[in-house]
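Asks: Structure supplied as structure-v9.cif; contents: mmCIF, C-alpha atoms.
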data_target
loop_
_atom_site.label_atom_id
_atom_site.label_comp_id
_atom_site.auth_asym_id
_atom_site.auth_seq_id
_atom_site.Cartn_x
_atom_site.Cartn_y
_atom_site.Cartn_z
CA MET R 6 94.13 108.29 102.57
CA ILE R 7 95.25 111.89 102.86
CA ILE R 8 94.96 113.75 99.58
CA ALA R 9 97.46 116.46 98.75
CA GLU R 10 98.69 118.34 95.72
CA GLN R 11 101.96 120.03 94.96
CA LYS R 12 102.21 123.76 95.56
CA PRO R 13 102.86 125.93 92.49
CA PHE R 14 106.50 125.57 91.46
CA GLU R 15 107.13 129.31 91.74
CA GLU R 16 106.07 129.27 95.41
CA ILE R 17 108.44 126.39 96.22
CA ALA R 18 111.26 128.12 94.33
CA LYS R 19 110.76 131.29 96.38
CA MET R 20 110.73 129.40 99.67
CA THR R 21 114.01 127.67 98.80
CA ALA R 22 115.77 130.69 97.25
CA ASN R 23 117.93 131.33 100.33
CA PHE R 24 119.36 127.82 100.56
CA ASP R 25 122.20 126.14 98.68
CA LYS R 26 121.82 122.55 99.82
CA VAL R 27 118.41 121.06 100.42
CA LEU R 28 117.00 117.66 101.26
CA LEU R 29 113.85 116.75 99.36
CA LEU R 30 112.01 114.26 101.50
CA GLY R 31 109.22 112.16 100.01
CA CYS R 32 106.74 109.94 101.80
CA ASN R 33 105.81 106.46 100.61
CA GLU R 34 102.26 106.48 101.93
CA CYS R 35 99.21 108.54 100.92
CA VAL R 36 101.04 111.21 98.93
CA THR R 37 102.72 108.55 96.79
CA VAL R 38 99.31 107.12 95.91
CA CYS R 39 97.88 110.54 95.07
CA LEU R 40 100.97 111.27 92.94
CA ALA R 41 102.04 114.32 94.90
CA GLY R 42 105.02 113.44 97.08
CA GLY R 43 106.43 110.00 96.29
CA GLU R 44 109.88 109.03 95.04
CA LYS R 45 109.05 110.07 91.49
CA GLU R 46 107.72 113.48 92.46
CA VAL R 47 110.81 114.03 94.62
CA GLY R 48 112.96 113.37 91.54
CA VAL R 49 110.96 115.70 89.32
CA LEU R 50 110.89 118.56 91.83
CA ALA R 51 114.61 118.15 92.61
CA ALA R 52 115.50 118.27 88.90
CA SER R 53 113.22 121.28 88.35
CA LEU R 54 114.77 123.24 91.22
CA ARG R 55 118.31 122.34 90.12
CA MET R 56 117.62 123.42 86.56
CA LEU R 57 116.10 126.71 87.69
CA ARG R 58 119.05 127.54 89.92
CA LYS R 59 121.67 126.37 87.45
CA GLN R 60 120.65 129.25 85.23
CA GLY R 61 121.73 131.78 87.87
CA ASP R 62 124.81 132.33 89.99
CA ARG R 63 123.64 130.18 92.85
CA PRO R 64 123.36 126.53 91.86
CA LEU R 65 121.43 124.26 94.17
CA ILE R 66 122.62 120.94 95.57
CA THR R 67 119.78 118.53 96.19
CA LEU R 68 119.69 115.43 98.36
CA GLU R 69 116.78 113.09 97.70
CA GLU R 70 115.20 110.54 99.99
CA THR R 71 111.78 108.95 100.38
CA VAL R 72 110.85 107.37 103.68
CA THR R 73 108.19 104.77 104.43
CA ARG R 74 106.18 107.26 106.49
CA GLN R 75 107.05 110.78 107.60
CA CYS R 76 104.51 110.59 110.42
CA GLU R 77 106.50 108.10 112.51
CA TRP R 78 109.72 108.77 114.42
CA GLU R 79 111.39 105.48 113.55
CA TYR R 80 111.41 106.26 109.83
CA LEU R 81 112.71 109.78 110.42
CA ASP R 82 115.53 108.39 112.59
CA GLN R 83 116.85 106.73 109.44
CA ILE R 84 117.52 110.03 107.68
CA GLU R 85 119.31 111.73 110.56
CA LYS R 86 122.69 111.91 108.77
CA LEU R 87 121.14 113.08 105.55
CA ALA R 88 119.25 115.80 107.39
CA GLU R 89 122.44 116.98 109.04
CA GLU R 90 124.04 117.52 105.64
CA ALA R 91 121.24 119.73 104.32
CA GLU R 92 120.52 123.37 105.19
CA CYS R 93 116.81 122.82 104.95
CA ILE R 94 114.32 120.02 104.39
CA ILE R 95 111.62 120.24 101.75
CA SER R 96 108.96 117.87 103.00
CA MET R 97 106.79 116.40 100.26
CA ALA R 98 104.32 114.88 102.71
CA CYS R 99 100.99 116.04 104.11
CA GLY R 100 100.87 118.60 106.91
CA VAL R 101 101.36 115.78 109.41
CA GLY R 102 104.63 114.72 107.84
CA VAL R 103 105.92 118.29 107.65
CA GLN R 104 105.29 118.78 111.38
CA PHE R 105 106.85 115.46 112.37
CA VAL R 106 109.96 116.37 110.36
CA ALA R 107 110.11 119.82 111.98
CA GLU R 108 109.75 118.31 115.45
CA ARG R 109 112.29 115.55 114.83
CA PHE R 110 114.89 117.98 113.41
CA PRO R 111 114.40 121.14 115.54
CA ASP R 112 117.48 122.93 114.15
CA LYS R 113 116.39 122.56 110.51
CA TRP R 114 114.18 124.87 108.51
CA VAL R 115 111.36 122.80 107.03
CA ILE R 116 109.48 123.78 103.89
CA PRO R 117 106.15 122.21 102.87
CA ALA R 118 106.02 121.38 99.16
CA LEU R 119 102.39 120.25 99.17
CA ASN R 120 98.99 121.61 100.03
CA THR R 121 97.05 119.02 102.05
CA LYS R 122 93.50 118.81 100.77
CA SER R 123 91.30 116.14 102.34
CA ALA R 124 90.76 112.59 103.51
CA GLY R 125 89.39 110.59 100.64
CA GLY R 126 90.25 108.29 97.79
CA SER R 127 90.76 107.99 94.05
CA VAL R 128 87.48 107.39 92.26
CA LYS R 129 89.20 107.08 88.88
CA HIS R 130 92.60 107.83 87.37
CA GLY R 131 93.45 111.43 88.14
CA ILE R 132 90.38 112.17 90.27
CA TRP R 133 90.45 112.20 94.06
CA GLU R 134 87.36 112.89 96.13
CA GLU R 135 86.83 113.74 99.77
CA ARG R 136 85.08 110.97 101.69
CA CYS R 137 85.64 111.53 105.41
CA GLY R 138 85.06 114.72 107.39
CA LEU R 139 87.04 113.40 110.41
CA CYS R 140 84.10 114.38 112.65
CA GLY R 141 85.15 111.97 115.40
CA GLU R 142 81.83 110.13 115.68
CA CYS R 143 80.87 108.02 112.68
CA ILE R 144 77.22 108.03 111.58
CA LEU R 145 77.66 106.05 108.36
CA TYR R 146 75.50 103.21 109.71
CA LYS R 147 72.54 105.58 109.65
CA THR R 148 73.07 106.82 106.09
CA GLY R 149 73.79 103.65 104.14
CA GLY R 150 77.56 104.14 104.13
CA VAL R 151 77.42 107.53 102.43
CA CYS R 152 78.74 110.43 104.50
CA PRO R 153 76.75 113.67 104.71
CA VAL R 154 79.34 115.28 107.00
CA ALA R 155 82.09 115.14 104.37
CA ARG R 156 80.04 115.18 101.21
CA CYS R 157 77.05 117.45 101.80
CA SER R 158 78.10 121.05 101.14
CA LYS R 159 76.04 122.16 104.15
CA ARG R 160 76.83 119.14 106.36
CA ILE R 161 73.10 118.62 106.80
CA LEU R 162 72.22 115.58 108.90
CA ASN R 163 68.54 115.50 107.93
CA GLY R 164 68.63 116.11 104.20
CA PRO R 165 68.14 116.86 101.46
CA CYS R 166 67.75 120.63 101.69
CA GLY R 167 65.65 122.74 99.33
CA GLY R 168 68.69 123.34 97.13
CA SER R 169 68.81 119.77 95.87
CA GLN R 170 67.82 119.97 92.19
CA ASN R 171 67.75 116.93 89.90
CA GLY R 172 70.28 115.17 92.09
CA LYS R 173 72.69 118.11 92.04
CA CYS R 174 73.85 120.41 94.83
CA GLU R 175 73.02 124.13 94.69
CA VAL R 176 76.29 125.17 96.35
CA LYS R 177 78.74 123.64 93.92
CA ASP R 178 78.86 121.33 90.94
CA VAL R 179 78.66 118.03 92.81
CA ASP R 180 76.01 115.36 93.26
CA CYS R 181 73.58 116.01 96.10
CA ILE R 182 74.76 113.44 98.59
CA TRP R 183 71.38 113.30 100.29
CA ASP R 184 69.91 112.30 96.94
CA GLN R 185 72.51 109.49 96.85
CA ILE R 186 71.69 108.48 100.44
CA TYR R 187 67.97 108.42 99.60
CA LYS R 188 68.52 106.23 96.53
CA ARG R 189 70.81 103.87 98.39
CA MET R 190 68.44 103.48 101.32
CA ALA R 191 65.57 102.83 98.87
CA ALA R 192 67.63 100.15 97.10
CA LEU R 193 68.44 98.53 100.45
CA GLY R 194 64.79 98.68 101.56
CA ARG R 195 65.61 100.87 104.55
CA MET R 196 63.63 103.98 103.75
CA ASP R 197 61.95 103.82 107.15
CA TRP R 198 65.33 104.57 108.75
CA LEU R 199 65.33 107.97 107.10
CA MET R 200 62.10 108.84 108.88
CA GLU R 201 64.00 109.11 112.13
CA ILE R 202 65.11 112.64 112.89
CA GLU R 203 68.82 112.84 113.54
CA PRO R 204 69.44 115.03 116.61
CA GLU R 205 72.08 117.75 116.58
CA LYS R 206 75.61 116.39 116.33
CA ASP R 207 78.15 116.76 119.10
CA TRP R 208 80.75 118.74 117.18
CA SER R 209 83.06 118.88 120.20
CA LYS R 210 84.32 115.49 119.05
CA ALA R 211 85.27 117.02 115.70
CA ARG R 212 87.99 119.63 115.16
CA ASP R 213 85.62 122.21 116.71
CA GLY R 214 86.45 120.77 120.13
CA GLY R 215 90.11 121.71 119.72
CA PRO R 216 93.10 119.55 118.74
CA ARG R 217 92.33 115.89 119.31
CA LYS R 218 94.51 113.32 120.97
CA LEU R 219 93.96 109.58 121.12
CA ILE R 220 95.42 107.70 124.05
CA ARG R 221 95.34 103.91 124.28
CA GLU R 222 96.98 102.60 127.39
CA ASP R 223 96.32 99.01 126.31
CA VAL R 224 98.96 99.25 123.58
CA MET R 225 101.52 101.33 125.45
CA ILE R 226 104.84 99.64 126.08
CA SER R 227 106.63 100.83 129.20
CA GLU R 228 110.18 102.14 128.63
CA MET P 2 124.31 131.69 66.47
CA SER P 3 124.42 130.28 62.94
CA ASP P 4 127.16 127.81 63.87
CA PHE P 5 125.07 126.46 66.76
CA GLN P 6 124.56 122.74 66.40
CA PRO P 7 121.87 121.63 68.85
CA LYS P 8 121.92 118.42 70.81
CA ILE P 9 118.56 116.73 70.40
CA VAL P 10 117.58 113.54 72.18
CA ALA P 11 114.90 111.44 70.48
CA PHE P 12 113.25 108.78 72.60
CA CYS P 13 111.99 106.35 69.97
CA CYS P 14 109.55 103.52 70.40
CA TYR P 15 110.95 100.22 69.10
CA TYR P 16 107.74 99.35 67.29
CA CYS P 17 107.42 102.51 65.22
CA ALA P 18 109.93 105.37 65.22
CA TYR P 19 112.94 103.11 65.66
CA SER P 20 111.84 100.95 62.72
CA ALA P 21 110.98 104.10 60.77
CA ALA P 22 114.52 105.35 61.37
CA ASP P 23 115.80 102.03 60.04
CA LEU P 24 113.65 102.46 56.97
CA ALA P 25 114.81 106.04 56.53
CA GLY P 26 118.38 104.68 56.53
CA SER P 27 117.56 101.98 53.97
CA MET P 28 115.95 104.63 51.79
CA ARG P 29 119.14 106.70 52.07
CA LEU P 30 117.16 109.66 53.43
CA GLN P 31 119.25 112.44 54.92
CA TYR P 32 118.43 113.88 58.33
CA PRO P 33 120.42 116.07 60.73
CA PRO P 34 123.15 114.36 62.77
CA THR P 35 122.14 116.52 65.74
CA VAL P 36 119.46 113.98 66.64
CA ARG P 37 120.59 111.29 69.10
CA MET P 38 118.21 108.38 69.18
CA ILE P 39 117.47 106.30 72.26
CA GLU P 40 115.53 103.10 71.70
CA GLN P 41 112.63 102.48 74.04
CA PRO P 42 110.45 99.39 74.32
CA CYS P 43 107.40 101.71 74.10
CA SER P 44 106.86 105.48 74.23
CA GLY P 45 104.96 104.73 77.46
CA ARG P 46 108.37 103.97 78.99
CA ILE P 47 109.04 107.70 78.97
CA ASP P 48 108.95 109.34 82.34
CA ILE P 49 109.12 113.05 83.09
CA ARG P 50 112.31 112.40 85.04
CA LEU P 51 113.93 111.00 81.87
CA ILE P 52 113.01 114.08 79.87
CA LEU P 53 114.29 116.41 82.60
CA GLN P 54 117.48 114.38 82.95
CA ALA P 55 118.17 114.78 79.24
CA PHE P 56 118.01 118.57 79.65
CA GLU P 57 120.11 118.51 82.81
CA ASP P 58 122.73 116.44 81.01
CA GLY P 59 123.02 118.97 78.19
CA ALA P 60 120.25 118.41 75.64
CA ASP P 61 118.89 121.49 73.84
CA GLY P 62 115.78 119.68 72.74
CA VAL P 63 113.99 116.38 73.35
CA TYR P 64 111.27 114.58 71.47
CA VAL P 65 109.36 111.42 72.05
CA ALA P 66 108.25 109.43 69.02
CA GLY P 67 105.54 106.87 69.57
CA CYS P 68 103.08 104.89 67.49
CA LEU P 69 100.04 106.42 65.82
CA GLU P 70 97.21 106.91 68.30
CA GLY P 71 95.27 103.70 68.68
CA ASP P 72 98.17 101.60 67.36
CA CYS P 73 100.29 101.17 70.50
CA HIS P 74 101.67 97.66 70.85
CA PHE P 75 100.92 97.94 74.56
CA LEU P 76 97.52 99.58 73.95
CA LYS P 77 97.89 102.90 75.78
CA GLY P 78 101.63 103.64 76.03
CA ASN P 79 101.55 106.47 73.48
CA TYR P 80 98.63 108.15 75.24
CA ARG P 81 100.55 108.03 78.50
CA ALA P 82 103.61 109.49 76.75
CA LYS P 83 101.49 112.31 75.32
CA LEU P 84 100.28 113.29 78.81
CA ARG P 85 103.80 113.13 80.24
CA VAL P 86 105.25 115.26 77.46
CA ALA P 87 102.50 117.82 78.11
CA GLN P 88 103.41 117.83 81.79
CA ALA P 89 107.12 118.12 80.98
CA LYS P 90 106.32 121.15 78.79
CA LYS P 91 104.68 122.85 81.76
CA ILE P 92 107.62 122.10 84.06
CA LEU P 93 110.12 123.37 81.48
CA ASP P 94 108.08 126.56 81.13
CA ASP P 95 108.07 126.94 84.92
CA VAL P 96 111.83 126.57 85.25
CA GLY P 97 112.52 128.92 82.35
CA ILE P 98 113.87 126.43 79.84
CA GLY P 99 110.80 126.58 77.62
CA GLY P 100 108.19 123.94 76.88
CA ASP P 101 108.79 124.34 73.13
CA ARG P 102 111.99 122.37 73.51
CA VAL P 103 110.12 119.14 74.04
CA GLU P 104 107.61 117.56 71.66
CA MET P 105 105.61 114.40 71.08
CA TYR P 106 105.32 112.85 67.62
CA ASN P 107 103.30 109.92 66.37
CA LEU P 108 104.26 107.80 63.39
CA SER P 109 104.26 104.21 62.20
CA GLY P 110 107.12 101.87 61.37
CA SER P 111 106.52 102.31 57.65
CA MET P 112 106.88 106.10 57.78
CA GLY P 113 110.61 106.44 57.03
CA PRO P 114 110.25 109.77 55.17
CA ARG P 115 108.15 111.16 58.03
CA PHE P 116 110.88 110.17 60.48
CA ALA P 117 113.43 112.20 58.52
CA GLU P 118 110.93 115.07 58.29
CA ILE P 119 110.42 115.09 62.07
CA ALA P 120 114.19 115.13 62.63
CA HIS P 121 114.50 118.14 60.28
CA GLU P 122 111.53 119.86 61.93
CA MET P 123 112.93 119.48 65.44
CA HIS P 124 116.44 120.45 64.32
CA GLU P 125 115.14 123.67 62.77
CA ARG P 126 112.97 124.47 65.79
CA ILE P 127 115.78 124.05 68.32
CA LYS P 128 118.25 125.89 66.10
CA LYS P 129 115.83 128.81 66.05
CA LEU P 130 115.39 128.69 69.85
CA GLY P 131 119.15 128.60 70.40
CA PRO P 132 121.05 126.68 73.09
CA SER P 133 119.19 125.57 76.20
CA PRO P 134 119.47 128.16 79.03
CA LEU P 135 121.31 125.43 80.97
CA ASN P 136 124.01 125.45 78.30
CA ARG P 137 124.47 129.22 78.36
CA LYS P 138 124.76 131.85 81.03
CA VAL P 139 121.76 134.11 81.73
CA GLU P 140 121.36 137.08 84.06
CA PRO P 141 120.05 136.11 87.54
CA SER P 142 117.57 139.00 87.34
CA GLN P 143 115.80 137.14 84.55
CA LEU P 144 115.13 134.24 86.87
CA ASN P 145 111.84 133.71 88.60
CA CYS P 146 113.25 132.77 92.01
CA GLU P 147 113.76 136.01 93.91
CA ALA P 148 113.58 135.44 97.65
CA GLU P 149 110.64 136.77 99.60
CA PRO P 150 111.68 139.09 102.44
CA ALA P 151 112.51 137.08 105.56
CA ALA P 152 111.17 133.88 104.03
CA GLY P 153 113.20 130.85 104.91
CA GLN P 154 115.47 132.67 107.37
CA GLN P 155 116.48 130.51 110.26
#
Could I get this file's structure written as structure tokens?

Replies:
Amino acid sequence: MIIAEQKPFEEIAKMTANFDKVLLLGCNECVTVCLAGGEKEVGVLAASLRMLRKQGDRPLITLEETVTRQCEWEYLDQIEKLAEEAECIISMACGVGVQFVAERFPDKWVIPALNTKSAGGSVKHGIWEERCGLCGECILYKTGGVCPVARCSKRILNGPCGGSQNGKCEVKDVDCIWDQIYKRMAALGRMDWLMEIEPEKDWSKARDGGPRKLIREDVMISE
Amino acid sequence: MSDFQPKIVAFCCYYCAYSAADLAGSMRLQYPPTVRMIEQPCSGRIDIRLILQAFEDGADGVYVAGCLEGDCHFLKGNYRAKLRVAQAKKILDDVGIGGDRVEMYNLSGSMGPRFAEIAHEMHERIKKLGPSPLNRKVEPSQLNCEAEPAAGQQ
């Protein structure tokens, strides 16, 4: 899932200071699971903004809604009337959701309430870790299902590097993922696979090749 | 502000604080009438939205009273409540109401005198802090929401 966290409250308050009626729009997918932009967080942020503004001369009216997914037109169609009522939309989704909302409602100012962090998962309550580097060409079958692209600080494809010390990374306080790959391959009896040198990766399939677009004509329904 | 009588909402767990309040009553213990109790099935029922709603609806102070740590009827409800109260404190600080207006207490059902003591403690604290900023008018310049130049202009 996409992992995001709420922006500092002060930043959101500043971005909304010029508006009197706002729609806080949550998303029921990834950001609900990572406790950043679901129905509950919409309620808490709405109450916080209202309470802040109630103390001044310019009280804030908040509309609250949480859609199934902000990254699909059909769910945004459902909030058309609500969006019309509001002066601006505070999107509590990832960067994808914010952009879909802005595109669907071109005459509305859209404010992002979250910072989108990574593609990963929750390893335990309150801890989310990056797992996928979205490189466009998966190599997990070569590394025992542990990704060096997303989890090695240097994205090394033939690791570990000289900075791997006692299973820890030299760049930051994380496990050396090549140490993990080595241990996993040993446990699976596939150490010989690591003897093969991985050639340079074609990064043009990753974000380095520019914005990516996936087209599947086999699932397209003609109008 | 000496005539200020705060409105305090106490979210009380059925298994401890609510029984303790009952005991305090049976013992004829006096505690301030400014405390309004709301029975909860467990302090873990408390959500940040509930705490914020209490303030929005006019409370000057809120406290959550749950079982002693390790004694929750539902195992971890009071630990969850503790974390949520801590988070609510941060939010209240952010919005300028003040995190001191919300507190978490732990007691058992047999602690009637402690229940009365907590009610006194919270009453005194909120009386000292004065009415919630939402219940009084403050200068807009004191607020932390000045607009950035050109930000949000359509």

Asks: List the neighbours of region 200-213 of chain R out to 7 Å using only C-alpha atoms; skip same-chain residues closer than 2 positions along the sequence, and give me the result as a ChimeraX atom specification.

Replies: /R:139-142,162-163,197-198,215-216

Asks: If we count only C-alpha atoms, which residues of chain R reach to within 9 Å of chain P? Please list them as a CSV table (one decimal) with C-alpha atoms, keeping the file's coordinate frame.

Replies:
chain,number,residue,atom,x,y,z
R,14,PHE,CA,106.5,125.6,91.5
R,15,GLU,CA,107.1,129.3,91.7
R,16,GLU,CA,106.1,129.3,95.4
R,18,ALA,CA,111.3,128.1,94.3
R,19,LYS,CA,110.8,131.3,96.4
R,20,MET,CA,110.7,129.4,99.7
R,21,THR,CA,114.0,127.7,98.8
R,22,ALA,CA,115.8,130.7,97.2
R,23,ASN,CA,117.9,131.3,100.3
R,24,PHE,CA,119.4,127.8,100.6
R,45,LYS,CA,109.0,110.1,91.5
R,46,GLU,CA,107.7,113.5,92.5
R,48,GLY,CA,113.0,113.4,91.5
R,49,VAL,CA,111.0,115.7,89.3
R,52,ALA,CA,115.5,118.3,88.9
R,53,SER,CA,113.2,121.3,88.4
R,54,LEU,CA,114.8,123.2,91.2
R,55,ARG,CA,118.3,122.3,90.1
R,56,MET,CA,117.6,123.4,86.6
R,57,LEU,CA,116.1,126.7,87.7
R,58,ARG,CA,119.0,127.5,89.9
R,59,LYS,CA,121.7,126.4,87.4
R,60,GLN,CA,120.6,129.2,85.2
R,61,GLY,CA,121.7,131.8,87.9
R,62,ASP,CA,124.8,132.3,90.0
R,63,ARG,CA,123.6,130.2,92.8
R,93,CYS,CA,116.8,122.8,105.0
R,112,ASP,CA,117.5,122.9,114.2
R,113,LYS,CA,116.4,122.6,110.5
R,114,TRP,CA,114.2,124.9,108.5
R,115,VAL,CA,111.4,122.8,107.0
R,116,ILE,CA,109.5,123.8,103.9

Asks: Determine the residue set returned by the PyMOL selection byres ((chain R and resi 164) around 12) for the present structure, and present it as a count of residues only.

Replies: 30

Asks: Would you compute the distance between CA of Cys35 (chain R) and CA of Lys218 (chain R)? Give it in Å to one decimal.

Replies: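 Going from CA of Cys35 (chain R) over to CA of Lys218 (chain R), I get 21.1 Å.
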
Asks: Could you jot down the CA of Leu69 (chain P) to CA of Glu104 (chain P) separation for me, Å, one decimal place?

Replies: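 For CA of Leu69 (chain P) relative to CA of Glu104 (chain P), the distance reads 14.7 Å.
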
Asks: Counting all atoms listed in the file, which residue out of R:Leu219, R:Ile7, R:Val38, R:Met190 sits closest to Lys122 (chain R)?

Replies: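 Under the stated criterion, the closest residue is R:Ile7.
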
Asks: What does the distance from CA of Val103 (chain R) to CA of Ile220 (chain R) come to in Å, to one decimal?

Replies: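 So the two atoms, CA of Val103 (chain R) and CA of Ile220 (chain R), lie 22.2 Å apart.
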
Asks: Run the PyMOL selection byres ((chain P and resi 20-31) around 10) on the file and write out the hits as a PyMOL selection string.

Replies: chain P and resi 13-19+32-34+38+40+108-118+120-121

Asks: Tell me which protein, DNA and RNA residues are within 10 Å of region 73-80 of chain P, counting only C-alpha atoms, leaving out same-chain ones fewer than 5 positions away, and put them as a list in words.

Replies: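 Counting only the stated atoms, we get Cys14, Tyr15, Tyr16, Cys17, Pro42, Cys43, Ser44, Gly45, Arg46, Ile47, Val65, Ala66, Gly67, Cys68, Arg85, Val86, Met105, Tyr106, Asn107 and Ser109 of chain P.
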
Asks: Ranking R:Val106, R:Ile95, R:Leu40, R:Ile66 by minimum distance to Asp82 (chain R) and counting all atoms listed in the file, which one comes first?

Replies: R:Val106

Asks: Between R:Ala155, R:Leu30, R:Cys143, R:Ala51, which has the minimum distance to Ser123 (chain R) (counting only C-alpha atoms)?

Replies: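 Using only C-alpha atoms, Ser123 (chain R) sits closest to R:Ala155.
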
Asks: List every protein, DNA or RNA residue with an atom no more than 8 Å from (98.6, 115.4, 95.2) in the file's coordinates, counting only C-alpha atoms, and format the result as a PyMOL selection string.

Replies: chain R and resi 8-11+36+39-42+119-121

Asks: Since the input lacks atoms, please generate N, CA and C atoms for region 49-60 of chain R and provide them as a PDB file, in the frame of the given file.

Replies:
ATOM      1  N   VAL R  49     111.368 114.655  90.266  1.00  0.00           N
ATOM      2  CA  VAL R  49     110.960 115.700  89.320  1.00  0.00           C
ATOM      3  C   VAL R  49     111.159 117.090  89.929  1.00  0.00           C
ATOM      4  N   LEU R  50     110.749 117.245  91.197  1.00  0.00           N
ATOM      5  CA  LEU R  50     110.890 118.560  91.830  1.00  0.00           C
ATOM      6  C   LEU R  50     112.371 118.914  92.022  1.00  0.00           C
ATOM      7  N   ALA R  51     113.178 117.910  92.408  1.00  0.00           N
ATOM      8  CA  ALA R  51     114.610 118.150  92.610  1.00  0.00           C
ATOM      9  C   ALA R  51     115.248 118.612  91.294  1.00  0.00           C
ATOM     10  N   ALA R  52     114.928 117.908  90.207  1.00  0.00           N
ATOM     11  CA  ALA R  52     115.500 118.270  88.900  1.00  0.00           C
ATOM     12  C   ALA R  52     115.038 119.659  88.481  1.00  0.00           C
ATOM     13  N   SER R  53     113.757 119.966  88.741  1.00  0.00           N
ATOM     14  CA  SER R  53     113.220 121.280  88.350  1.00  0.00           C
ATOM     15  C   SER R  53     113.938 122.398  89.104  1.00  0.00           C
ATOM     16  N   LEU R  54     114.105 122.208  90.424  1.00  0.00           N
ATOM     17  CA  LEU R  54     114.770 123.240  91.220  1.00  0.00           C
ATOM     18  C   LEU R  54     116.232 123.410  90.797  1.00  0.00           C
ATOM     19  N   ARG R  55     116.904 122.286  90.550  1.00  0.00           N
ATOM     20  CA  ARG R  55     118.310 122.340  90.120  1.00  0.00           C
ATOM     21  C   ARG R  55     118.442 123.094  88.803  1.00  0.00           C
ATOM     22  N   MET R  56     117.532 122.793  87.876  1.00  0.00           N
ATOM     23  CA  MET R  56     117.620 123.420  86.560  1.00  0.00           C
ATOM     24  C   MET R  56     117.346 124.921  86.641  1.00  0.00           C
ATOM     25  N   LEU R  57     116.406 125.286  87.518  1.00  0.00           N
ATOM     26  CA  LEU R  57     116.100 126.710  87.690  1.00  0.00           C
ATOM     27  C   LEU R  57     117.322 127.447  88.231  1.00  0.00           C
ATOM     28  N   ARG R  58     117.930 126.858  89.255  1.00  0.00           N
ATOM     29  CA  ARG R  58     119.050 127.540  89.920  1.00  0.00           C
ATOM     30  C   ARG R  58     120.335 127.502  89.118  1.00  0.00           C
ATOM     31  N   LYS R  59     120.458 126.490  88.272  1.00  0.00           N
ATOM     32  CA  LYS R  59     121.670 126.370  87.450  1.00  0.00           C
ATOM     33  C   LYS R  59     121.778 127.539  86.474  1.00  0.00           C
ATOM     34  N   GLN R  60     120.636 128.151  86.175  1.00  0.00           N
ATOM     35  CA  GLN R  60     120.650 129.250  85.230  1.00  0.00           C
ATOM     36  C   GLN R  60     121.162 130.545  85.857  1.00  0.00           C
TER      37      GLN R  60
END
